[in-house]
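my_file-v6.cif follows; it contains mmCIF, C-alpha atoms.
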```
data_data
#
loop_
_atom_site.label_atom_id
_atom_site.label_comp_id
_atom_site.auth_asym_id
_atom_site.auth_seq_id
_atom_site.Cartn_x
_atom_site.Cartn_y
_atom_site.Cartn_z
CA MET A 1 -50.08 83.99 0.56
CA THR A 2 -46.60 85.18 -0.42
CA GLY A 3 -44.38 87.87 1.00
CA ARG A 4 -41.15 89.40 -0.12
CA LEU A 5 -37.85 90.13 1.55
CA THR A 6 -37.16 93.85 2.00
CA ARG A 7 -34.18 94.20 4.33
CA VAL A 8 -31.42 92.29 6.09
CA ALA A 9 -29.96 93.96 9.18
CA GLY A 10 -27.44 91.91 11.14
CA LEU A 11 -29.15 88.67 12.15
CA VAL A 12 -32.67 89.82 11.30
CA ILE A 13 -34.54 89.61 7.99
CA GLU A 14 -37.48 91.94 7.35
CA ALA A 15 -40.37 90.87 5.10
CA VAL A 16 -43.70 92.35 4.07
CA GLY A 17 -46.87 90.88 2.58
CA LEU A 18 -47.44 88.17 5.19
CA ARG A 19 -49.56 88.05 8.35
CA LEU A 20 -48.10 85.32 10.54
CA ALA A 21 -47.92 84.76 14.27
CA VAL A 22 -44.67 84.89 16.21
CA GLY A 23 -43.14 81.40 16.09
CA SER A 24 -44.40 80.58 12.58
CA SER A 25 -41.93 79.05 10.12
CA CYS A 26 -41.22 80.41 6.63
CA ARG A 27 -39.28 79.41 3.52
CA ILE A 28 -37.12 81.82 1.52
CA ASP A 29 -36.44 80.84 -2.11
CA LEU A 30 -32.83 81.70 -2.97
CA PRO A 31 -31.64 82.68 -6.47
CA ASP A 32 -29.46 79.56 -6.81
CA GLY A 33 -32.44 77.26 -6.39
CA HIS A 34 -31.79 76.47 -2.75
CA GLU A 35 -34.07 77.30 0.17
CA ALA A 36 -33.52 78.88 3.56
CA GLU A 37 -35.80 78.39 6.56
CA ALA A 38 -36.60 81.20 8.98
CA GLU A 39 -38.89 81.83 11.94
CA VAL A 40 -40.98 84.86 12.83
CA VAL A 41 -39.49 86.40 15.98
CA GLY A 42 -41.31 89.74 15.97
CA PHE A 43 -43.17 92.34 13.94
CA SER A 44 -43.69 96.07 13.61
CA GLY A 45 -46.82 97.17 11.76
CA GLU A 46 -46.87 95.28 8.45
CA ARG A 47 -43.21 94.25 8.70
CA LEU A 48 -42.26 90.80 9.98
CA PHE A 49 -38.90 90.17 11.65
CA LEU A 50 -37.50 86.76 10.66
CA MET A 51 -34.56 84.91 12.15
CA PRO A 52 -32.92 82.35 9.81
CA SER A 53 -31.95 78.88 10.97
CA ASP A 54 -28.90 78.89 8.66
CA ASN A 55 -26.44 81.51 7.44
CA LEU A 56 -27.54 84.55 5.42
CA TYR A 57 -25.39 84.02 2.32
CA GLY A 58 -27.25 84.38 -0.99
CA LEU A 59 -30.05 86.64 0.25
CA SER A 60 -31.02 89.59 -1.95
CA PRO A 61 -33.86 92.15 -1.97
CA GLY A 62 -37.26 91.05 -3.24
CA LEU A 63 -36.90 87.28 -2.68
CA LYS A 64 -40.13 85.38 -2.09
CA VAL A 65 -41.05 84.42 1.47
CA LEU A 66 -43.67 81.67 1.90
CA PRO A 67 -45.26 80.07 4.97
CA LEU A 68 -44.11 76.47 5.08
CA GLU A 69 -47.66 75.10 5.15
CA ASN A 70 -48.76 77.26 2.19
CA ILE A 71 -46.52 75.64 -0.40
CA GLY A 72 -48.32 74.09 -3.38
CA LEU A 73 -51.84 75.04 -2.28
CA HIS A 74 -54.53 76.76 -4.33
CA LEU A 75 -55.53 80.32 -3.55
CA PRO A 76 -57.06 79.95 -0.06
CA THR A 77 -60.44 81.18 1.09
CA PRO A 78 -60.47 83.32 4.28
CA GLY A 79 -61.31 80.26 6.38
CA GLU A 80 -58.55 78.20 4.75
CA ALA A 81 -56.09 81.06 5.21
CA PHE A 82 -56.78 81.02 8.94
CA ALA A 83 -56.23 77.25 9.06
CA ILE A 84 -52.99 77.63 7.09
CA ARG A 85 -51.71 80.25 9.50
CA ARG A 86 -52.63 78.01 12.43
CA ARG A 87 -50.85 74.99 10.90
CA ALA A 88 -47.81 77.11 10.04
CA GLN A 89 -47.65 78.23 13.65
CA ASP A 90 -48.07 74.70 14.99
CA ARG A 91 -45.64 73.12 12.53
CA GLY A 92 -42.80 75.26 13.73
CA ARG A 93 -43.52 74.21 17.28
CA GLU A 94 -43.90 70.42 16.96
CA VAL A 95 -40.95 68.06 17.33
CA ALA A 96 -40.45 64.32 17.06
CA VAL A 97 -40.11 62.29 20.27
CA GLY A 98 -40.19 58.62 21.23
CA ASP A 99 -38.02 55.64 22.15
CA GLY A 100 -36.46 55.74 18.69
CA LEU A 101 -34.44 58.78 19.79
CA LEU A 102 -32.49 56.82 22.42
CA GLY A 103 -28.83 56.52 21.46
CA ARG A 104 -29.14 59.28 18.84
CA VAL A 105 -27.48 62.69 18.43
CA LEU A 106 -29.62 65.51 17.00
CA ASP A 107 -29.22 69.17 16.19
CA GLY A 108 -31.44 71.99 17.45
CA ALA A 109 -33.94 71.43 14.63
CA GLY A 110 -34.25 67.69 15.30
CA ARG A 111 -32.09 66.58 12.38
CA PRO A 112 -29.74 63.61 13.02
CA LEU A 113 -26.04 64.41 13.34
CA ASP A 114 -24.80 60.85 13.88
CA GLY A 115 -25.21 59.51 10.32
CA LEU A 116 -27.47 56.68 11.50
CA GLY A 117 -30.32 57.50 9.15
CA PRO A 118 -33.62 59.33 9.63
CA LEU A 119 -35.29 59.49 13.02
CA PRO A 120 -38.27 57.20 13.64
CA ALA A 121 -40.98 59.72 14.54
CA ASP A 122 -43.21 57.81 16.97
CA HIS A 123 -44.94 60.90 18.32
CA TYR A 124 -44.96 64.67 17.92
CA VAL A 125 -45.21 67.12 20.82
CA PRO A 126 -45.14 70.93 21.06
CA LEU A 127 -41.70 72.47 21.25
CA TYR A 128 -42.96 74.87 23.91
CA SER A 129 -45.45 73.25 26.27
CA ARG A 130 -47.82 74.87 28.71
CA PRO A 131 -46.64 74.96 32.35
CA ILE A 132 -47.94 72.44 34.88
CA ASN A 133 -50.15 73.77 37.65
CA PRO A 134 -47.71 73.98 40.61
CA LEU A 135 -50.35 72.50 42.93
CA ASN A 136 -50.53 69.39 40.73
CA ARG A 137 -46.81 68.63 40.94
CA VAL A 138 -45.70 65.79 43.18
CA PRO A 139 -43.39 67.06 45.98
CA ILE A 140 -39.76 65.95 46.07
CA ARG A 141 -39.84 62.93 48.37
CA SER A 142 -37.12 60.48 47.36
CA LYS A 143 -33.32 60.68 47.11
CA LEU A 144 -31.54 60.34 43.79
CA ASP A 145 -28.21 58.51 43.60
CA VAL A 146 -25.95 60.47 41.19
CA GLY A 147 -22.85 58.34 41.87
CA VAL A 148 -20.73 61.28 43.14
CA ARG A 149 -19.77 60.92 46.81
CA SER A 150 -19.64 64.61 47.77
CA ILE A 151 -23.03 65.35 46.15
CA ASN A 152 -24.74 62.22 47.45
CA SER A 153 -23.53 62.75 51.01
CA LEU A 154 -23.30 66.53 51.51
CA LEU A 155 -25.63 67.97 48.83
CA THR A 156 -28.21 65.19 48.58
CA VAL A 157 -30.34 65.49 45.45
CA GLY A 158 -34.03 64.65 45.33
CA ARG A 159 -35.75 63.05 42.36
CA GLY A 160 -37.34 65.91 40.44
CA GLN A 161 -34.97 68.58 41.75
CA ARG A 162 -33.36 71.26 39.54
CA LEU A 163 -29.80 72.28 40.34
CA GLY A 164 -27.17 74.49 38.76
CA LEU A 165 -23.47 73.75 38.28
CA PHE A 166 -21.78 77.14 38.66
CA ALA A 167 -18.19 77.51 37.48
CA GLY A 168 -15.78 79.39 35.30
CA SER A 169 -14.25 77.80 32.24
CA GLY A 170 -11.97 74.78 32.55
CA VAL A 171 -12.73 73.60 36.10
CA GLY A 172 -14.40 70.28 35.26
CA LYS A 173 -18.10 70.96 34.57
CA SER A 174 -18.26 68.60 31.59
CA ILE A 175 -16.47 65.79 33.41
CA LEU A 176 -18.83 66.09 36.38
CA LEU A 177 -21.81 66.00 34.00
CA GLY A 178 -20.37 62.89 32.36
CA MET A 179 -19.98 61.16 35.73
CA MET A 180 -23.61 61.84 36.58
CA ALA A 181 -24.74 60.72 33.11
CA ARG A 182 -23.02 57.35 33.59
CA TYR A 183 -23.81 56.72 37.26
CA THR A 184 -27.20 58.32 38.00
CA SER A 185 -30.13 56.00 38.66
CA ALA A 186 -32.42 57.17 35.83
CA ASP A 187 -34.45 55.49 33.10
CA VAL A 188 -33.58 58.04 30.40
CA ILE A 189 -30.88 60.70 30.07
CA VAL A 190 -31.36 63.78 27.91
CA VAL A 191 -28.28 65.90 27.22
CA GLY A 192 -28.49 69.39 25.76
CA LEU A 193 -25.17 70.79 24.54
CA ILE A 194 -26.13 74.39 23.87
CA GLY A 195 -23.71 76.99 22.55
CA GLU A 196 -20.51 75.15 23.47
CA ARG A 197 -17.51 74.49 21.23
CA GLY A 198 -18.20 72.09 18.37
CA ARG A 199 -15.13 70.02 19.29
CA GLU A 200 -16.64 69.32 22.71
CA VAL A 201 -19.71 67.60 21.26
CA LYS A 202 -17.87 64.55 19.96
CA ASP A 203 -15.49 64.57 22.92
CA PHE A 204 -18.41 64.57 25.38
CA ILE A 205 -20.22 61.75 23.56
CA GLU A 206 -17.23 59.45 23.07
CA ASN A 207 -14.95 60.13 26.03
CA ILE A 208 -17.20 61.45 28.79
CA LEU A 209 -20.67 60.00 28.14
CA GLY A 210 -19.34 56.75 26.65
CA ALA A 211 -21.20 53.92 24.95
CA GLU A 212 -22.88 52.89 28.21
CA GLY A 213 -24.30 56.35 28.83
CA LEU A 214 -25.29 56.98 25.20
CA ALA A 215 -27.33 53.77 25.01
CA ARG A 216 -30.00 55.24 27.30
CA ALA A 217 -29.51 58.87 26.28
CA VAL A 218 -30.65 61.41 23.71
CA VAL A 219 -28.14 64.16 22.85
CA VAL A 220 -29.30 67.48 21.38
CA ALA A 221 -26.32 69.52 20.16
CA ALA A 222 -26.51 73.16 19.06
CA PRO A 223 -22.87 74.38 19.08
CA ALA A 224 -21.70 77.97 19.20
CA ASP A 225 -21.45 78.30 15.40
CA THR A 226 -25.18 77.64 14.86
CA SER A 227 -27.72 80.45 14.73
CA PRO A 228 -29.06 81.80 18.03
CA LEU A 229 -32.50 80.54 16.99
CA LEU A 230 -31.24 76.95 16.79
CA ARG A 231 -29.55 77.31 20.16
CA LEU A 232 -32.85 78.38 21.72
CA HIS A 233 -34.68 75.56 19.95
CA GLY A 234 -32.03 73.06 21.04
CA ALA A 235 -32.63 73.85 24.71
CA ALA A 236 -36.40 73.74 24.21
CA TYR A 237 -36.15 70.47 22.24
CA ALA A 238 -34.12 68.78 25.00
CA SER A 239 -36.76 69.89 27.52
CA ALA A 240 -39.59 68.63 25.27
CA ILE A 241 -37.96 65.19 24.95
CA ALA A 242 -37.51 65.02 28.73
CA GLU A 243 -41.16 66.02 29.26
CA TYR A 244 -42.35 63.30 26.89
CA PHE A 245 -40.51 60.54 28.78
CA ARG A 246 -41.66 61.99 32.13
CA ASP A 247 -45.26 61.86 30.94
CA GLN A 248 -44.70 58.18 30.11
CA GLY A 249 -43.98 57.59 33.81
CA ARG A 250 -40.18 57.38 33.50
CA HIS A 251 -37.51 59.02 35.61
CA VAL A 252 -35.42 61.35 33.45
CA LEU A 253 -32.06 63.01 34.05
CA LEU A 254 -31.75 66.25 32.06
CA LEU A 255 -28.23 67.67 31.67
CA MET A 256 -27.97 71.04 29.96
CA ASP A 257 -24.65 72.69 29.15
CA SER A 258 -25.12 75.57 29.37
CA LEU A 259 -27.87 77.83 30.65
CA THR A 260 -25.61 80.84 30.10
CA ARG A 261 -25.28 80.15 26.36
CA PHE A 262 -29.06 79.82 26.15
CA ALA A 263 -29.36 83.28 27.72
CA MET A 264 -26.76 84.67 25.31
CA ALA A 265 -28.70 83.31 22.33
CA GLN A 266 -31.85 85.03 23.56
CA ARG A 267 -29.83 88.23 24.05
CA GLU A 268 -28.61 88.10 20.42
CA ILE A 269 -32.15 87.77 19.11
CA SER A 270 -33.62 90.42 21.41
CA LEU A 271 -30.98 93.01 20.62
CA ALA A 272 -31.24 92.26 16.88
CA ILE A 273 -34.98 93.11 16.82
CA GLY A 274 -34.47 96.29 18.83
CA GLU A 275 -35.14 95.39 22.47
CA PRO A 276 -33.16 97.75 24.75
CA PRO A 277 -30.45 96.23 26.98
CA ALA A 278 -30.99 96.36 30.74
CA THR A 279 -28.51 94.53 32.99
CA LYS A 280 -24.96 94.26 31.63
CA GLY A 281 -26.28 94.13 28.07
CA TYR A 282 -29.02 91.57 28.77
CA PRO A 283 -32.54 92.67 27.73
CA PRO A 284 -35.47 91.98 30.11
CA SER A 285 -36.77 89.14 27.90
CA VAL A 286 -33.70 87.07 28.79
CA PHE A 287 -34.66 87.01 32.48
CA ALA A 288 -38.23 86.09 31.50
CA LYS A 289 -37.06 83.17 29.34
CA LEU A 290 -34.87 81.55 32.01
CA PRO A 291 -37.67 80.52 34.42
CA GLN A 292 -39.84 79.43 31.49
CA LEU A 293 -37.13 76.93 30.51
CA VAL A 294 -36.21 75.78 34.02
CA GLU A 295 -39.81 75.32 35.19
CA ARG A 296 -40.35 72.69 32.50
CA ALA A 297 -38.23 70.28 34.56
CA GLY A 298 -39.26 68.77 37.89
CA ASN A 299 -41.80 66.21 39.00
CA GLY A 300 -44.96 65.65 37.02
CA CYS A 301 -48.47 65.00 38.25
CA GLU A 302 -49.38 62.15 40.58
CA GLY A 303 -48.64 58.80 38.95
CA GLY A 304 -46.23 60.28 36.42
CA GLY A 305 -42.46 60.36 36.21
CA SER A 306 -39.88 63.01 37.02
CA ILE A 307 -37.21 65.21 35.45
CA THR A 308 -34.16 65.81 37.60
CA ALA A 309 -32.21 68.58 35.89
CA PHE A 310 -28.67 69.91 36.12
CA TYR A 311 -27.97 73.18 34.32
CA THR A 312 -24.42 74.44 34.01
CA VAL A 313 -23.98 78.18 34.51
CA LEU A 314 -20.80 79.80 33.25
CA ALA A 315 -19.62 82.36 35.80
CA GLU A 316 -17.62 84.71 33.59
CA GLY A 317 -14.32 85.57 35.25
CA ASP A 318 -15.39 83.29 38.16
CA ASP A 319 -17.82 86.06 39.16
CA GLN A 320 -20.68 84.44 41.09
CA GLN A 321 -22.61 87.74 40.91
CA ASP A 322 -22.84 87.63 37.12
CA PRO A 323 -26.46 88.58 36.23
CA ILE A 324 -27.27 85.19 34.66
CA ALA A 325 -25.68 83.31 37.56
CA ASP A 326 -27.53 85.46 40.07
CA SER A 327 -30.85 84.97 38.30
CA ALA A 328 -30.34 81.21 37.90
CA ARG A 329 -29.43 80.84 41.58
CA ALA A 330 -32.80 82.35 42.52
CA ILE A 331 -34.95 80.07 40.32
CA LEU A 332 -33.13 76.74 40.86
CA ASP A 333 -33.58 74.32 43.76
CA GLY A 334 -29.92 74.44 44.68
CA HIS A 335 -26.48 75.13 43.29
CA VAL A 336 -23.18 73.27 43.13
CA VAL A 337 -20.25 75.68 42.86
CA LEU A 338 -17.00 74.47 41.31
CA SER A 339 -13.90 76.23 42.60
CA ARG A 340 -10.91 77.13 40.42
CA GLY A 341 -8.74 77.15 43.55
CA LEU A 342 -9.62 73.53 44.33
CA ALA A 343 -9.08 72.55 40.70
CA ASP A 344 -5.65 74.18 40.77
CA GLN A 345 -4.83 72.00 43.80
CA GLY A 346 -5.77 68.89 41.81
CA LEU A 347 -8.91 68.14 43.85
CA TYR A 348 -11.59 66.76 41.51
CA PRO A 349 -14.51 67.12 41.39
CA ALA A 350 -13.64 70.67 42.49
CA ILE A 351 -16.87 71.23 44.46
CA ASP A 352 -16.79 74.11 46.92
CA ILE A 353 -18.83 72.61 49.75
CA GLU A 354 -19.05 75.90 51.64
CA MET A 355 -20.71 77.78 48.75
CA SER A 356 -22.93 74.93 47.52
CA ILE A 357 -26.39 74.05 48.77
CA SER A 358 -29.26 71.66 48.04
CA ARG A 359 -32.56 73.25 49.08
CA ALA A 360 -34.37 69.90 49.14
CA MET A 361 -31.83 68.13 51.35
CA THR A 362 -33.49 68.99 54.67
CA GLU A 363 -36.67 67.19 53.52
CA LEU A 364 -34.79 64.11 52.33
CA LEU A 365 -32.49 63.31 55.26
CA VAL A 366 -33.32 62.15 58.77
CA PRO A 367 -32.01 64.27 61.70
CA GLU A 368 -29.01 61.97 62.29
CA GLU A 369 -27.90 62.31 58.65
CA LEU A 370 -28.36 66.09 58.71
CA ASP A 371 -26.22 66.27 61.84
CA LEU A 372 -23.38 64.45 60.05
CA VAL A 373 -23.55 66.90 57.14
CA ARG A 374 -23.54 69.93 59.45
CA ARG A 375 -20.58 68.62 61.44
CA PHE A 376 -18.57 67.96 58.27
CA LYS A 377 -19.26 71.46 56.95
CA TYR A 378 -18.50 73.00 60.35
CA TYR A 379 -15.07 71.39 60.63
CA TYR A 380 -14.27 71.96 56.97
CA SER A 381 -15.22 75.64 57.15
CA ARG A 382 -13.30 76.12 60.41
CA TYR A 383 -10.14 74.77 58.79
CA GLN A 384 -10.53 76.88 55.63
CA ARG A 385 -10.95 80.10 57.64
CA ASN A 386 -7.66 79.46 59.43
CA ARG A 387 -5.78 77.86 56.52
CA ASP A 388 -3.24 80.67 56.15
CA LEU A 389 -2.37 80.68 59.88
CA ILE A 390 -1.93 76.93 59.84
CA GLY A 391 0.15 77.04 56.67
CA VAL A 392 2.71 79.51 58.03
CA GLY A 393 2.86 77.82 61.43
CA ALA A 394 1.32 80.75 63.32
CA TYR A 395 -1.35 78.65 65.00
CA ILE A 396 -0.37 76.96 68.28
CA LYS A 397 -2.10 73.69 68.99
CA GLY A 398 -4.35 73.76 72.04
CA ASN A 399 -5.65 77.31 71.67
CA ASP A 400 -8.88 76.17 69.96
CA PRO A 401 -10.07 72.58 70.59
CA VAL A 402 -12.51 72.69 67.64
CA LEU A 403 -9.79 73.87 65.27
CA ASP A 404 -7.47 71.17 66.62
CA GLU A 405 -10.07 68.56 65.71
CA ALA A 406 -10.60 70.15 62.27
CA ILE A 407 -6.83 70.03 61.59
CA GLU A 408 -6.79 66.36 62.51
CA LEU A 409 -9.82 65.55 60.32
CA TYR A 410 -8.90 67.69 57.31
CA PRO A 411 -6.72 65.17 55.38
CA ARG A 412 -9.56 62.64 55.56
CA MET A 413 -12.18 65.25 54.65
CA GLU A 414 -10.15 66.26 51.60
CA GLU A 415 -9.84 62.62 50.58
CA PHE A 416 -13.59 62.21 51.07
CA LEU A 417 -14.26 64.99 48.55
CA ARG A 418 -11.83 63.58 45.96
CA GLN A 419 -13.17 61.02 43.47
CA ASP A 420 -11.86 59.56 40.23
CA MET A 421 -14.09 60.13 37.20
CA HIS A 422 -14.27 56.38 36.53
CA GLN A 423 -15.34 55.54 40.09
CA ARG A 424 -18.95 55.28 41.21
CA VAL A 425 -19.93 55.81 44.85
CA THR A 426 -23.49 54.97 45.90
CA LEU A 427 -25.59 56.79 48.47
CA ALA A 428 -25.11 54.02 51.02
CA GLU A 429 -21.32 53.88 50.52
CA GLY A 430 -21.02 57.63 50.87
CA ARG A 431 -23.12 57.75 54.03
CA GLU A 432 -21.15 54.90 55.57
CA ARG A 433 -17.82 56.60 54.90
CA LEU A 434 -19.08 59.95 56.22
CA THR A 435 -20.24 58.24 59.41
CA SER A 436 -16.87 56.54 59.96
CA LEU A 437 -14.99 59.77 59.20
CA LEU A 438 -16.82 61.69 61.95
CA ALA A 439 -17.21 58.79 64.40
#
```

Spit out the file's structure as structure tokens when you get a sec.
Amino acid sequence: MTGRLTRVAGLVIEAVGLRLAVGSSCRIDLPDGHEAEAEVVGFSGERLFLMPSDNLYGLSPGLKVLPLENIGLHLPTPGEAFAIRRRAQDRGREVAVGDGLLGRVLDGAGRPLDGLGPLPADHYVPLYSRPINPLNRVPIRSKLDVGVRSINSLLTVGRGQRLGLFAGSGVGKSILLGMMARYTSADVIVVGLIGERGREVKDFIENILGAEGLARAVVVAAPADTSPLLRLHGAAYASAIAEYFRDQGRHVLLLMDSLTRFAMAQREISLAIGEPPATKGYPPSVFAKLPQLVERAGNGCEGGGSITAFYTVLAEGDDQQDPIADSARAILDGHVVLSRGLADQGLYPAIDIEMSISRAMTELLVPEELDLVRRFKYYYSRYQRNRDLIGVGAYIKGNDPVLDEAIELYPRMEEFLRQDMHQRVTLAEGRERLTSLLA
């Protein structure tokens, strides 16, 4: 079964002569003897729409297109042809997983980027798995120590929770991710660097994740200069690796940077095959793909492990109402907002406590702990609302007893939120300091 290339339009290749399912992988034989791999992303009548994994240089009309599983076989019978199509579909959706991936850096197609030799393929799993019945998931019952004082104490995370880190560019998302990668109590860490600058990949691994973090981590990197198909596969591959370790009964921390670049990759593909844009240039399929990716994280069935996930969301122009940010906020179990104003003041991590929330926190804390959190936020918010009056000296002490107390507490509250990137603060240490601050 052989097809031929008929048209290249932008990012999409059109081919005829093949009948393959969406998601199947193909090989294009180039004139110079090299090969290019592509995936079926859509069809119209007898025409298949292919998206290449590499660049399009060297393509010309009439080139042969072959299903990857059909290479070197005899002319198939109808029954064999069906099996070939099924294998071609499955082959493009199976990826290598296992303990041999720990400490390795891979690209979106599962190829090693670290120069440490081929990957030991212990097991293969589907790239896109079927969702877990929500009634079979274990509820979020236990706290997770992420090593960051403000998150542990004021935005307590549960094991199996999915949160978003919302911020504009350059306010410390990557550093905060690196802190959690080093300090979180997890058996395995899976990092997905999707659509970010290529320079940041090595910087994140060497300077932010470090040797200690990499030893128990798997990094999947699909930078901005890779094809949108590889960026989508990179996010799915990171999720598949995390699911494998969860099914082995381990507790996994999944860090994905960023969910916005994943959505942009899907937008590129959708627009290229003719899907009409809907919200600010994003086609409807983008908003369907986001929950499919996010819902793969979380707790597994009874007796299994968990995936606690942090997805960074790039708020373009610091606009928290960006369509991707707004959609992500609705499907995640909480959001941590990083403030450019706090970063400009030199307060790191620049977490805006007023705009951040953990939806699982009320189920994880006892009433006395919740009261401490509410009091801290009450005083902090009261001070922020009157900050300008206090700064210019227009407020007279004694007019508002609560504000007087907030003014007295504020220097210590600000110090409570500040933490050096090389410092780890446990849940118990954070709770003890919060108690003494509000005593």

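Shortest separation to Asp344 of chain A among A:Leu48, A:Ala242, A:Val171, A:Ile205 occurs at residue A:Val171, atoms counted being only C-alpha atoms.
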
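Using only C-alpha atoms for every distance, the candidate list A:Gly164, A:Gly23, A:Gly305, A:Pro31 yields A:Gly305 as the residue closest to Arg250 of chain A.
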
**Message:** Assuming the chain letters and numbering stay as they are in my file, what does the PyMOL selection byres ((chain A and resi 137-150) around 7) actually select? List them as number ranges by chain.
**Reply:** A: 133-136, 151-161, 180, 183-185, 299-302, 364, 417, 424-427, 430

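Between Leu230 of chain A and the residues A:Leu338, A:Leu106, A:Leu214, A:Ile396, the shortest atom-to-atom distance, using all atoms listed in the file, involves A:Leu106.
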
Across A:Leu30, A:Leu59, A:Lys64, A:Gly178, the smallest distance to Ala15 of chain A, with only C-alpha atoms counted, is shown by A:Lys64

Can you list what the PyMOL selection byres ((chain A and resi 217) around 8) grabs from this structure, as a PyMOL selection string?
chain A and resi 102-104+188-191+213-216+218-219

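Comparing A:Phe49, A:Phe43, A:Tyr311, A:Phe166 by their smallest distance to Ile351 of chain A, the closest is A:Phe166 (using all atoms listed in the file).
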
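Using only C-alpha atoms for every distance, the candidate list A:Ala186, A:Leu66, A:Ala222, A:Leu372 yields A:Ala186 as the residue closest to Phe245 of chain A.
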
Once you count all atoms listed in the file, which residues end up no further than 12 Å from (-7.9, 69.0, 53.7) in the file's frame, shown as a VMD selection string?
chain A and resid 342 345 347 376 379 to 384 386 to 387 390 to 391 406 to 418

Go ahead and find all residues with at least one atom no further than 8 Å from (-36.8, 93.8, 3.1) in the file's coordinates, using all atoms listed in the file; report them as a ChimeraX atom specification.
/A:4-8,13-16,61-62

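Atom CA of Gln266 of chain A is found 12.0 Å from atom CA of Ile324 of chain A.
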
* To do: List, as a count of residues only, every residue that the PyMOL selection byres ((chain A and resi 172) around 10) selects in the file provided.
  => 19
